[in-house]
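Written out below as structure tokens is the structure these notes cover.
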Amino acid sequence: MKKYSVFAIAREAMRGHKGWEEQWTSPEPKKEYDVIIVGAGGHGLATAYYLATEHGITNIAVLEKGWLGGGNTGRNTTIIRSNYLYDESAGIYDHALKLWDGLSQELNYNVMYSARGVMMLAHNVHDVQVFKRHIHANRLNGIDNEWLTPEQAKEFCPPLNISKEARYPVMGAALQRRGGTARHDAVAWGYARGASARGVHIIQNCEVTGIKRAANGAVSGVETTRGFIGAKKVGVVAAGHSSVIMNMAGVRMPLESYPLQALVSEPIKPVVPCVVMSNTVHAYISQSDKGELVIGAGTDQYVSYSQTGGLHILQHTLDAICEMFPIFTRMKMLRSWGGIVDVTPDRSPILAKTPVKGLYVNCGWGTGGFKATPGSGNVFAHTIAKDDPHPINAPFTLERFRTGRLIDEAAAAAVAH
Amino acid sequence: MLLIRCPYCDEERPELEFRNAGEAHIARSTNIAGESDDDFEKFFFIRANPKGVIYERWRHIHGCARFFNAVRDTVTDKFVMTYKAGEPKPAKLPGAAK
């Protein structure tokens, strides 16, 4: 792998940019690997990267039915934060946030992580109480979070409407300054490049159609559209399709898959300097470096794999955006799309060993998995390499739905998040 | 937005009048306190989440307010049929191969 640097740009500028190499290779699948990762999204590629860099396992295939980063990694609203209520969640999301800081240097790839601050608006007394509780809980866990008055919120984000005449007036906000955004495609590409350089095989257009188990019940490999590929360890990181893949190994999951939509506006000059979220009126907004307003909507109410979603969901979100930012009422929206998110009953992910020996699962990130990409890959790699969870992901078991040790962020946030 | 036929009103109405109520034909144990942890997990948390035909409950909350069941394809979101609560899971679906 050639290192990217200012000198490389200068050198290539001198010779017509003919010396750039492919960022990752596309090899033919081998007959057998030490580890197979199902799903080449951010989490899967990060898992392969950390298996190679931290655990010395490089005989890995990452199988992807479509194209690299074409699922939820390329469909989310790129928000990064770690201000979760419970200790277990704070542990895993802040582990990720610490890795975001410095990820571009680590990968030698600009993931454009921008700690521009994530501001969550409170619109009623209940919101105020809950957010203040979150702030205290976060601070006890060493996570920055602070309370802003409506005037301070407006100072931090000038286009915000804090009029008392609003249908849902802003009564304050919780601000995590380390939160922000990153370029989602670059995250997948950066991890893919780093993994490929260390010998990991990234195999696109290769759909897993079955999971093969040996006589003793352990995993022996996967059937794919490009033939059988053997491996003693298989990590399933398939987002909305996780329960479909896990069913192939006879494991039924506590998951339901829903369409989640997002949309972007026409590009405009810089106007939203941070990320603004409102759980109560339900909308998220930030502005990309291209100038588009990036807006996140809610999920549809029914199980679906259609990667679309109802128009009324977008309408509802835009109602909320116009309520918070009346200056955007005449903006034109350019594109909208949907992704399929796998939601667990407690809205916390599952990163764990499974009842099948050699089969590991990293799923259930629901509507908010992007922010966790580096941390998730990092501890999942540990889980696969050591056949034992990292202390950070140890609470995120599959068994918690039997034992009742839930990590109930669903009740904590009161909305999908 | 989906158009959904309420089998009680016998009319196709927009999705906004309805509330999805999750997977259908999951029977609650008559002795819920005596359920094993395994069985309770299956009843309460484990879901089929199929890519394809799903049997699900809907409630016509802004209409007749009654629960009913539906069969839908989760890839196309197209409804195959709807039927009244309490009716058995259809053995054969209309349009299915014989």
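Residue numbers start at 1 in each chain; chains themselves are named A, B, ... in the order of the structure tokens; ligands are numbered from 1 in the order shown.
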Show me, as a CSV table (one decimal) with C-alpha atoms, in the first residue's frame, every residue of chain A with an atom at most 6 Å from chain B, counting only C-alpha atoms.
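Final file, selection_17.csv:
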```csv
chain,number,residue,atom,x,y,z
A,253,MET,CA,-32.9,-13.8,16.5
A,254,PRO,CA,-34.7,-11.2,18.7
A,256,GLU,CA,-37.1,-7.0,13.5
A,304,SER,CA,-39.8,-4.6,5.5
A,305,TYR,CA,-36.7,-5.3,3.4
A,306,SER,CA,-37.8,-3.0,0.6
A,310,GLY,CA,-43.5,5.7,3.1
A,402,ARG,CA,-33.5,-15.0,28.2
```
**Message:** Let's see if you can do this: from backbone DSSP, list all strand (DSSP E or B) residues in stretch 258-348 of chain A, as number ranges by chain.
**Reply:** A: 258-265, 275-278, 283-287, 293-299, 333-343
Put those residues in a file: N, CA and C atoms, as a short mmCIF file (atom, residue, chain, number, x, y, z; two decimals), in the first residue's frame.
```cif
data_model
loop_
_atom_site.label_atom_id
_atom_site.label_comp_id
_atom_site.auth_asym_id
_atom_site.auth_seq_id
_atom_site.Cartn_x
_atom_site.Cartn_y
_atom_site.Cartn_z
N TYR A 258 -36.64 -2.88 9.82
CA TYR A 258 -37.54 -1.80 9.38
C TYR A 258 -36.82 -0.89 8.39
N PRO A 259 -37.58 -0.27 7.48
CA PRO A 259 -36.96 0.76 6.63
C PRO A 259 -36.74 2.04 7.44
N LEU A 260 -35.58 2.65 7.26
CA LEU A 260 -35.28 3.94 7.87
C LEU A 260 -34.85 4.87 6.74
N GLN A 261 -35.42 6.07 6.71
CA GLN A 261 -35.16 6.95 5.58
C GLN A 261 -34.33 8.17 5.96
N ALA A 262 -33.68 8.71 4.95
CA ALA A 262 -32.95 9.97 5.11
C ALA A 262 -33.08 10.74 3.81
N LEU A 263 -32.76 12.02 3.85
CA LEU A 263 -32.84 12.82 2.63
C LEU A 263 -31.85 13.98 2.70
N VAL A 264 -31.49 14.50 1.54
CA VAL A 264 -30.63 15.68 1.51
C VAL A 264 -31.25 16.76 0.64
N SER A 265 -30.91 18.00 0.98
CA SER A 265 -31.44 19.15 0.25
C SER A 265 -30.46 19.54 -0.85
N VAL A 275 -24.59 19.44 14.62
CA VAL A 275 -25.69 18.49 14.43
C VAL A 275 -26.79 18.88 15.40
N VAL A 276 -28.03 18.98 14.92
CA VAL A 276 -29.15 19.26 15.81
C VAL A 276 -30.11 18.08 15.75
N MET A 277 -30.47 17.57 16.92
CA MET A 277 -31.40 16.44 16.99
C MET A 277 -32.56 16.83 17.88
N SER A 278 -33.74 16.37 17.50
CA SER A 278 -34.88 16.53 18.40
C SER A 278 -35.64 15.22 18.44
N ALA A 283 -36.60 14.77 14.42
CA ALA A 283 -35.84 15.10 13.21
C ALA A 283 -34.39 15.28 13.60
N TYR A 284 -33.51 14.97 12.67
CA TYR A 284 -32.08 15.22 12.85
C TYR A 284 -31.61 16.02 11.65
N ILE A 285 -30.68 16.93 11.88
CA ILE A 285 -30.18 17.69 10.74
C ILE A 285 -28.71 18.07 10.97
N SER A 286 -27.97 18.03 9.90
CA SER A 286 -26.61 18.58 9.91
C SER A 286 -26.36 19.04 8.48
N GLN A 287 -25.21 19.65 8.25
CA GLN A 287 -24.90 20.10 6.89
C GLN A 287 -23.59 19.45 6.47
N LEU A 293 -28.10 19.94 3.25
CA LEU A 293 -28.64 19.63 4.57
C LEU A 293 -28.92 18.14 4.59
N VAL A 294 -28.38 17.44 5.58
CA VAL A 294 -28.57 15.99 5.70
C VAL A 294 -29.59 15.76 6.81
N ILE A 295 -30.72 15.15 6.44
CA ILE A 295 -31.85 15.07 7.35
C ILE A 295 -32.24 13.61 7.57
N GLY A 296 -32.39 13.22 8.82
CA GLY A 296 -32.76 11.85 9.14
C GLY A 296 -34.21 11.78 9.55
N ALA A 297 -34.92 10.78 9.03
CA ALA A 297 -36.33 10.59 9.37
C ALA A 297 -36.48 9.38 10.29
N GLY A 298 -37.70 8.98 10.52
CA GLY A 298 -37.96 7.84 11.40
C GLY A 298 -38.15 6.56 10.61
N THR A 299 -38.39 5.48 11.35
CA THR A 299 -38.63 4.20 10.68
C THR A 299 -40.10 4.07 10.32
N MET A 333 -35.66 19.65 -1.63
CA MET A 333 -35.00 18.41 -1.28
C MET A 333 -34.58 17.70 -2.56
N LEU A 334 -33.34 17.20 -2.58
CA LEU A 334 -32.82 16.60 -3.81
C LEU A 334 -33.05 15.10 -3.89
N ARG A 335 -32.70 14.40 -2.82
CA ARG A 335 -32.73 12.94 -2.88
C ARG A 335 -33.23 12.40 -1.55
N SER A 336 -33.93 11.26 -1.60
CA SER A 336 -34.25 10.54 -0.37
C SER A 336 -34.03 9.07 -0.63
N TRP A 337 -33.78 8.32 0.41
CA TRP A 337 -33.49 6.89 0.24
C TRP A 337 -33.81 6.18 1.55
N GLY A 338 -33.78 4.86 1.50
CA GLY A 338 -34.04 4.08 2.71
C GLY A 338 -32.99 3.01 2.90
N GLY A 339 -32.81 2.62 4.13
CA GLY A 339 -31.96 1.48 4.46
C GLY A 339 -32.74 0.57 5.41
N ILE A 340 -32.31 -0.68 5.51
CA ILE A 340 -33.03 -1.60 6.39
C ILE A 340 -32.26 -1.78 7.69
N VAL A 341 -32.88 -1.38 8.78
CA VAL A 341 -32.20 -1.44 10.08
C VAL A 341 -32.77 -2.57 10.93
N ASP A 342 -31.88 -3.28 11.62
CA ASP A 342 -32.28 -4.40 12.47
C ASP A 342 -32.38 -3.92 13.90
N VAL A 343 -33.57 -4.02 14.45
CA VAL A 343 -33.85 -3.43 15.75
C VAL A 343 -34.07 -4.53 16.79
#
```
**Message:** Between A:Pro374, A:Phe228, A:Asp101, A:Ile350, which residue has the minimum interatomic distance to A:Ile407, considering only C-alpha atoms?
**Reply:**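 Looking at the shortest contact to A:Ile407, the residue is A:Ile350.
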**Request:** Name the residues in contact with stretch 29-39 of chain A at a cut-off of 10 Å, using only C-alpha atoms, excluding same-chain residues fewer than 5 positions from it; report them as a ChimeraX atom specification.
**Result:** /A:44-45,47-48,51,57-69,71,200-204,206-208,220-222,226-239,241-242,245,358-361,384-385
**Request:** Please identify all polymer residues within 10 Å of B:His60, counting only C-alpha atoms, omitting same-chain residues fewer than 3 positions from it, and present them as a ChimeraX atom specification.
**Result:** /B:4-9,13,15-20,63-68
